[in-house]
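Enquirer: Enclosed is the structure file entry31.txt (compact mmCIF, N, CA and C atoms).
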# COMPACT_ATOMS: atom_id res chain seq x y z
N MET A 1 34.07 4.35 62.32
CA MET A 1 33.47 5.55 61.78
C MET A 1 34.40 6.74 62.09
N ILE A 2 34.61 7.58 61.10
CA ILE A 2 35.46 8.74 61.26
C ILE A 2 34.60 9.95 61.60
N LYS A 3 34.96 10.58 62.71
CA LYS A 3 34.23 11.78 63.11
C LYS A 3 34.92 13.00 62.53
N PRO A 4 34.17 14.04 62.17
CA PRO A 4 34.81 15.24 61.65
C PRO A 4 35.68 15.90 62.71
N VAL A 5 36.82 16.41 62.28
CA VAL A 5 37.74 17.11 63.17
C VAL A 5 37.60 18.60 62.90
N PHE A 6 37.47 19.37 63.95
CA PHE A 6 37.31 20.80 63.79
C PHE A 6 38.55 21.52 64.29
N ALA A 7 39.05 22.41 63.46
CA ALA A 7 40.17 23.26 63.87
C ALA A 7 39.58 24.42 64.67
N GLY A 8 40.44 25.24 65.25
CA GLY A 8 39.98 26.37 66.06
C GLY A 8 38.93 27.20 65.35
N GLY A 9 37.88 27.54 66.01
CA GLY A 9 36.83 28.36 65.44
C GLY A 9 35.76 27.56 64.72
N GLY A 10 35.78 26.26 64.83
CA GLY A 10 34.73 25.46 64.22
C GLY A 10 34.86 25.33 62.70
N VAL A 11 36.07 25.29 62.17
CA VAL A 11 36.29 25.14 60.74
C VAL A 11 36.41 23.66 60.45
N ASP A 12 35.57 23.17 59.55
CA ASP A 12 35.59 21.76 59.18
C ASP A 12 36.70 21.54 58.16
N ILE A 13 37.70 20.71 58.51
CA ILE A 13 38.83 20.51 57.60
C ILE A 13 38.46 19.59 56.44
N PHE A 14 37.32 18.92 56.49
CA PHE A 14 36.90 18.06 55.40
C PHE A 14 36.14 18.83 54.34
N GLU A 15 35.76 20.04 54.63
CA GLU A 15 35.00 20.85 53.69
C GLU A 15 35.97 21.74 52.90
N PRO A 16 35.84 21.75 51.56
CA PRO A 16 36.76 22.58 50.78
C PRO A 16 36.51 24.07 51.00
N ASP A 17 37.56 24.85 50.81
CA ASP A 17 37.45 26.29 50.93
C ASP A 17 36.80 26.83 49.67
N LEU A 18 35.59 27.32 49.80
CA LEU A 18 34.84 27.80 48.65
C LEU A 18 35.02 29.30 48.44
N ASN A 19 35.83 29.95 49.25
CA ASN A 19 36.06 31.38 49.12
C ASN A 19 37.54 31.63 48.83
N PRO A 20 37.96 31.47 47.56
CA PRO A 20 39.36 31.73 47.25
C PRO A 20 39.65 33.22 47.38
N PRO A 21 40.92 33.58 47.57
CA PRO A 21 41.24 35.00 47.71
C PRO A 21 40.90 35.78 46.45
N VAL A 22 40.43 36.98 46.63
CA VAL A 22 40.08 37.85 45.51
C VAL A 22 41.11 38.97 45.46
N PHE A 23 41.74 39.11 44.31
CA PHE A 23 42.74 40.16 44.15
C PHE A 23 42.07 41.36 43.51
N THR A 24 42.13 42.49 44.19
CA THR A 24 41.45 43.68 43.71
C THR A 24 42.22 44.41 42.62
N SER A 25 43.53 44.16 42.53
CA SER A 25 44.32 44.80 41.49
C SER A 25 45.55 43.95 41.21
N PHE A 26 46.24 44.32 40.15
CA PHE A 26 47.46 43.61 39.80
C PHE A 26 48.53 43.82 40.88
N GLY A 27 48.57 45.01 41.46
CA GLY A 27 49.52 45.30 42.53
C GLY A 27 49.29 44.44 43.75
N HIS A 28 48.02 44.17 44.05
CA HIS A 28 47.67 43.30 45.18
C HIS A 28 48.16 41.88 44.92
N LEU A 29 48.01 41.41 43.68
CA LEU A 29 48.49 40.08 43.32
C LEU A 29 50.01 39.99 43.49
N ILE A 30 50.73 41.00 43.02
CA ILE A 30 52.18 41.02 43.14
C ILE A 30 52.59 41.07 44.61
N GLN A 31 51.86 41.84 45.40
CA GLN A 31 52.17 41.97 46.83
C GLN A 31 52.04 40.62 47.54
N VAL A 32 51.09 39.82 47.12
CA VAL A 32 50.91 38.51 47.74
C VAL A 32 51.96 37.51 47.23
N MET A 33 52.32 37.62 45.95
CA MET A 33 53.24 36.65 45.35
C MET A 33 54.71 36.92 45.66
N LEU A 34 55.08 38.17 45.91
CA LEU A 34 56.48 38.54 46.04
C LEU A 34 57.25 37.77 47.13
N PRO A 35 56.73 37.63 48.33
CA PRO A 35 57.48 36.84 49.33
C PRO A 35 57.71 35.38 48.89
N ASN A 36 56.73 34.81 48.20
CA ASN A 36 56.89 33.44 47.72
C ASN A 36 57.92 33.35 46.60
N ILE A 37 58.00 34.39 45.78
CA ILE A 37 59.00 34.43 44.71
C ILE A 37 60.41 34.46 45.31
N TYR A 38 60.58 35.22 46.39
CA TYR A 38 61.90 35.27 47.04
C TYR A 38 62.29 33.90 47.61
N ILE A 39 61.35 33.21 48.18
CA ILE A 39 61.63 31.86 48.71
C ILE A 39 62.00 30.91 47.58
N LEU A 40 61.23 30.94 46.50
CA LEU A 40 61.52 30.09 45.35
C LEU A 40 62.89 30.40 44.76
N ALA A 41 63.23 31.68 44.67
CA ALA A 41 64.55 32.07 44.14
C ALA A 41 65.67 31.53 45.03
N GLY A 42 65.47 31.56 46.34
CA GLY A 42 66.48 31.02 47.26
C GLY A 42 66.66 29.52 47.09
N VAL A 43 65.56 28.81 46.90
CA VAL A 43 65.64 27.36 46.70
C VAL A 43 66.34 27.03 45.39
N ILE A 44 66.00 27.77 44.32
CA ILE A 44 66.65 27.55 43.03
C ILE A 44 68.14 27.85 43.13
N PHE A 45 68.49 28.93 43.80
CA PHE A 45 69.90 29.29 44.00
C PHE A 45 70.64 28.16 44.70
N PHE A 46 70.04 27.62 45.75
CA PHE A 46 70.67 26.54 46.51
C PHE A 46 70.96 25.33 45.62
N PHE A 47 69.95 24.92 44.83
CA PHE A 47 70.15 23.74 43.99
C PHE A 47 71.14 23.99 42.85
N LEU A 48 71.12 25.20 42.27
CA LEU A 48 72.10 25.52 41.23
C LEU A 48 73.52 25.53 41.80
N LEU A 49 73.66 26.07 42.99
CA LEU A 49 74.97 26.13 43.62
C LEU A 49 75.49 24.72 43.94
N ILE A 50 74.62 23.87 44.46
CA ILE A 50 75.02 22.49 44.77
C ILE A 50 75.35 21.73 43.49
N ALA A 51 74.50 21.85 42.46
CA ALA A 51 74.74 21.12 41.20
C ALA A 51 76.01 21.61 40.53
N GLY A 52 76.21 22.93 40.49
CA GLY A 52 77.42 23.47 39.88
C GLY A 52 78.67 23.08 40.64
N GLY A 53 78.62 23.14 41.96
CA GLY A 53 79.76 22.74 42.77
C GLY A 53 80.10 21.27 42.61
N PHE A 54 79.06 20.45 42.56
CA PHE A 54 79.28 19.01 42.36
C PHE A 54 79.90 18.77 40.99
N GLY A 55 79.40 19.48 39.98
CA GLY A 55 79.95 19.33 38.63
C GLY A 55 81.39 19.79 38.55
N ILE A 56 81.73 20.87 39.24
CA ILE A 56 83.12 21.36 39.26
C ILE A 56 84.03 20.31 39.88
N ILE A 57 83.60 19.75 40.99
CA ILE A 57 84.42 18.74 41.66
C ILE A 57 84.59 17.50 40.78
N MET A 58 83.52 17.05 40.15
CA MET A 58 83.60 15.85 39.32
C MET A 58 84.46 16.08 38.08
N ASN A 59 84.31 17.24 37.42
CA ASN A 59 85.07 17.48 36.20
C ASN A 59 86.51 17.87 36.48
N ALA A 60 86.79 18.47 37.61
CA ALA A 60 88.17 18.81 37.95
C ALA A 60 88.98 17.55 38.20
N GLY A 61 88.33 16.55 38.77
CA GLY A 61 89.02 15.28 39.03
C GLY A 61 89.33 14.53 37.75
N LYS A 62 88.50 14.71 36.72
CA LYS A 62 88.71 14.02 35.44
C LYS A 62 89.64 14.81 34.52
N GLY A 63 89.85 16.08 34.83
CA GLY A 63 90.70 16.90 33.98
C GLY A 63 89.97 17.47 32.78
N GLU A 64 88.65 17.46 32.78
CA GLU A 64 87.86 18.00 31.66
C GLU A 64 87.68 19.49 31.85
N LYS A 65 88.32 20.26 30.98
CA LYS A 65 88.24 21.71 31.12
C LYS A 65 86.89 22.26 30.65
N GLU A 66 86.27 21.60 29.66
CA GLU A 66 84.98 22.09 29.15
C GLU A 66 83.88 21.93 30.19
N GLY A 67 83.82 20.79 30.82
CA GLY A 67 82.82 20.55 31.87
C GLY A 67 83.05 21.44 33.08
N PHE A 68 84.33 21.65 33.40
CA PHE A 68 84.67 22.53 34.51
C PHE A 68 84.20 23.95 34.24
N ALA A 69 84.45 24.45 33.02
CA ALA A 69 84.05 25.81 32.65
C ALA A 69 82.52 25.93 32.64
N LYS A 70 81.84 24.91 32.17
CA LYS A 70 80.37 24.93 32.13
C LYS A 70 79.79 25.04 33.54
N ASN A 71 80.29 24.24 34.46
CA ASN A 71 79.79 24.25 35.83
C ASN A 71 80.23 25.50 36.59
N LYS A 72 81.40 26.01 36.26
CA LYS A 72 81.83 27.28 36.85
C LYS A 72 80.89 28.39 36.41
N GLY A 73 80.48 28.36 35.15
CA GLY A 73 79.50 29.32 34.65
C GLY A 73 78.16 29.19 35.36
N MET A 74 77.75 27.95 35.66
CA MET A 74 76.49 27.72 36.38
C MET A 74 76.54 28.34 37.77
N VAL A 75 77.65 28.17 38.46
CA VAL A 75 77.79 28.76 39.79
C VAL A 75 77.82 30.28 39.71
N THR A 76 78.51 30.81 38.70
CA THR A 76 78.57 32.26 38.51
C THR A 76 77.19 32.84 38.24
N VAL A 77 76.42 32.21 37.37
CA VAL A 77 75.07 32.66 37.05
C VAL A 77 74.17 32.59 38.29
N ALA A 78 74.32 31.54 39.07
CA ALA A 78 73.52 31.40 40.29
C ALA A 78 73.84 32.52 41.27
N ILE A 79 75.10 32.85 41.44
CA ILE A 79 75.49 33.92 42.37
C ILE A 79 75.02 35.28 41.88
N VAL A 80 75.17 35.55 40.58
CA VAL A 80 74.72 36.83 40.03
C VAL A 80 73.20 36.95 40.16
N GLY A 81 72.48 35.88 39.85
CA GLY A 81 71.03 35.91 39.99
C GLY A 81 70.60 36.15 41.43
N PHE A 82 71.29 35.52 42.36
CA PHE A 82 70.94 35.71 43.76
C PHE A 82 71.26 37.13 44.21
N LEU A 83 72.34 37.71 43.72
CA LEU A 83 72.65 39.10 44.04
C LEU A 83 71.58 40.05 43.49
N ILE A 84 71.05 39.74 42.32
CA ILE A 84 69.96 40.55 41.76
C ILE A 84 68.72 40.45 42.64
N ILE A 85 68.40 39.24 43.10
CA ILE A 85 67.24 39.05 43.98
C ILE A 85 67.43 39.79 45.30
N ILE A 86 68.61 39.69 45.88
CA ILE A 86 68.90 40.40 47.14
C ILE A 86 68.79 41.91 46.92
N SER A 87 69.31 42.39 45.79
CA SER A 87 69.22 43.83 45.49
C SER A 87 67.77 44.28 45.36
N SER A 88 66.96 43.47 44.69
CA SER A 88 65.54 43.85 44.54
C SER A 88 64.83 43.86 45.89
N TYR A 89 65.20 42.94 46.77
CA TYR A 89 64.61 42.93 48.11
C TYR A 89 64.94 44.23 48.84
N TRP A 90 66.21 44.65 48.78
CA TRP A 90 66.60 45.86 49.49
C TRP A 90 66.03 47.11 48.84
N ILE A 91 65.87 47.10 47.54
CA ILE A 91 65.21 48.24 46.87
C ILE A 91 63.76 48.35 47.34
N ILE A 92 63.08 47.22 47.45
CA ILE A 92 61.70 47.22 47.94
C ILE A 92 61.65 47.71 49.38
N GLN A 93 62.63 47.30 50.19
CA GLN A 93 62.67 47.77 51.58
C GLN A 93 62.89 49.28 51.65
N ILE A 94 63.77 49.80 50.80
CA ILE A 94 64.03 51.25 50.79
C ILE A 94 62.79 52.01 50.33
N ILE A 95 62.12 51.52 49.28
CA ILE A 95 60.89 52.16 48.82
C ILE A 95 59.84 52.13 49.92
N GLY A 96 59.74 51.01 50.63
CA GLY A 96 58.79 50.91 51.73
C GLY A 96 59.10 51.88 52.86
N ALA A 97 60.39 52.07 53.15
CA ALA A 97 60.78 53.01 54.21
C ALA A 97 60.48 54.45 53.81
N ILE A 98 60.67 54.77 52.54
CA ILE A 98 60.43 56.13 52.07
C ILE A 98 58.93 56.44 52.01
N THR A 99 58.15 55.50 51.47
CA THR A 99 56.71 55.74 51.28
C THR A 99 55.87 55.35 52.48
N GLY A 100 56.40 54.52 53.36
CA GLY A 100 55.62 54.06 54.51
C GLY A 100 54.70 52.90 54.20
N ILE A 101 54.84 52.30 53.02
CA ILE A 101 54.01 51.16 52.61
C ILE A 101 54.82 49.89 52.80
N ASP A 102 54.27 48.94 53.53
CA ASP A 102 54.94 47.65 53.75
C ASP A 102 54.55 46.71 52.61
N ILE A 103 55.40 46.62 51.61
CA ILE A 103 55.07 45.89 50.39
C ILE A 103 55.09 44.37 50.62
N LEU A 104 56.02 43.90 51.42
CA LEU A 104 56.18 42.45 51.58
C LEU A 104 55.24 41.84 52.62
N ASN A 105 54.56 42.64 53.41
CA ASN A 105 53.62 42.14 54.41
C ASN A 105 52.25 42.74 54.16
N PRO A 106 51.50 42.13 53.23
CA PRO A 106 50.20 42.71 52.90
C PRO A 106 49.20 42.57 54.04
N ILE A 107 48.42 43.61 54.24
CA ILE A 107 47.34 43.60 55.23
C ILE A 107 46.05 43.78 54.47
N PHE A 108 45.13 42.86 54.68
CA PHE A 108 43.87 42.91 53.94
C PHE A 108 42.77 43.39 54.82
Render the structure in this file as structure tokens.
Expert:
Amino acid sequence: MIKPVFAGGGVDIFEPDLNPPVFTSFGHLIQVMLPNIYILAGVIFFFLLIAGGFGIIMNAGKGEKEGFAKNKGMVTVAIVGFLIIISSYWIIQIIGAITGIDILNPIF
């Protein structure tokens, strides 16, 4: 027989969470999603960089200039995209410092 396991505070882990988060505005939704978007962008950047680098190595060994150029473009796009994401992060930090609002760490 399986006994229920309780996490701190008497929360039953077998019972579903019936109180999903309620977003009071579109800005609140963005504030919650933004840190996760940055993480996802970093993961995508990593995989594009690895795939492009692998493609460059494979096509350079074969002497295929078209494949090499395609994968070089993939790495370039990944780096430019990541620079845009980093720039947006720092712009948000500067706006937060000026206004005093911590955009990336929502407090409910």
Enquirer: Can you pull out the residues contacting region 43-58 of chain A? Cut-off 8 Å, using all atoms listed in the file, and skip same-chain residues under 4 positions away; I want them as a ChimeraX atom specification.
Expert: /A:37-39,62-64,67-79,81-82
Enquirer: CA of Gly27 (chain A) to atom C of Ile103 (chain A): how many Å, to one decimal?
Expert: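 Interatomic distance, CA of Gly27 (chain A) to atom C of Ile103 (chain A): 9.9 Å.
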Enquirer: Could you tell me how far atom N of Gln31 (chain A) sits from CA of Asp102 (chain A), in Å to one decimal place?
Expert: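 According to the coordinates, CA of Asp102 (chain A) and atom N of Gln31 (chain A) are separated by 10.6 Å.
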Enquirer: Between atom N of His28 (chain A) and atom C of Ile98 (chain A), what is the spacing in Å?
Expert: 18.2 Å
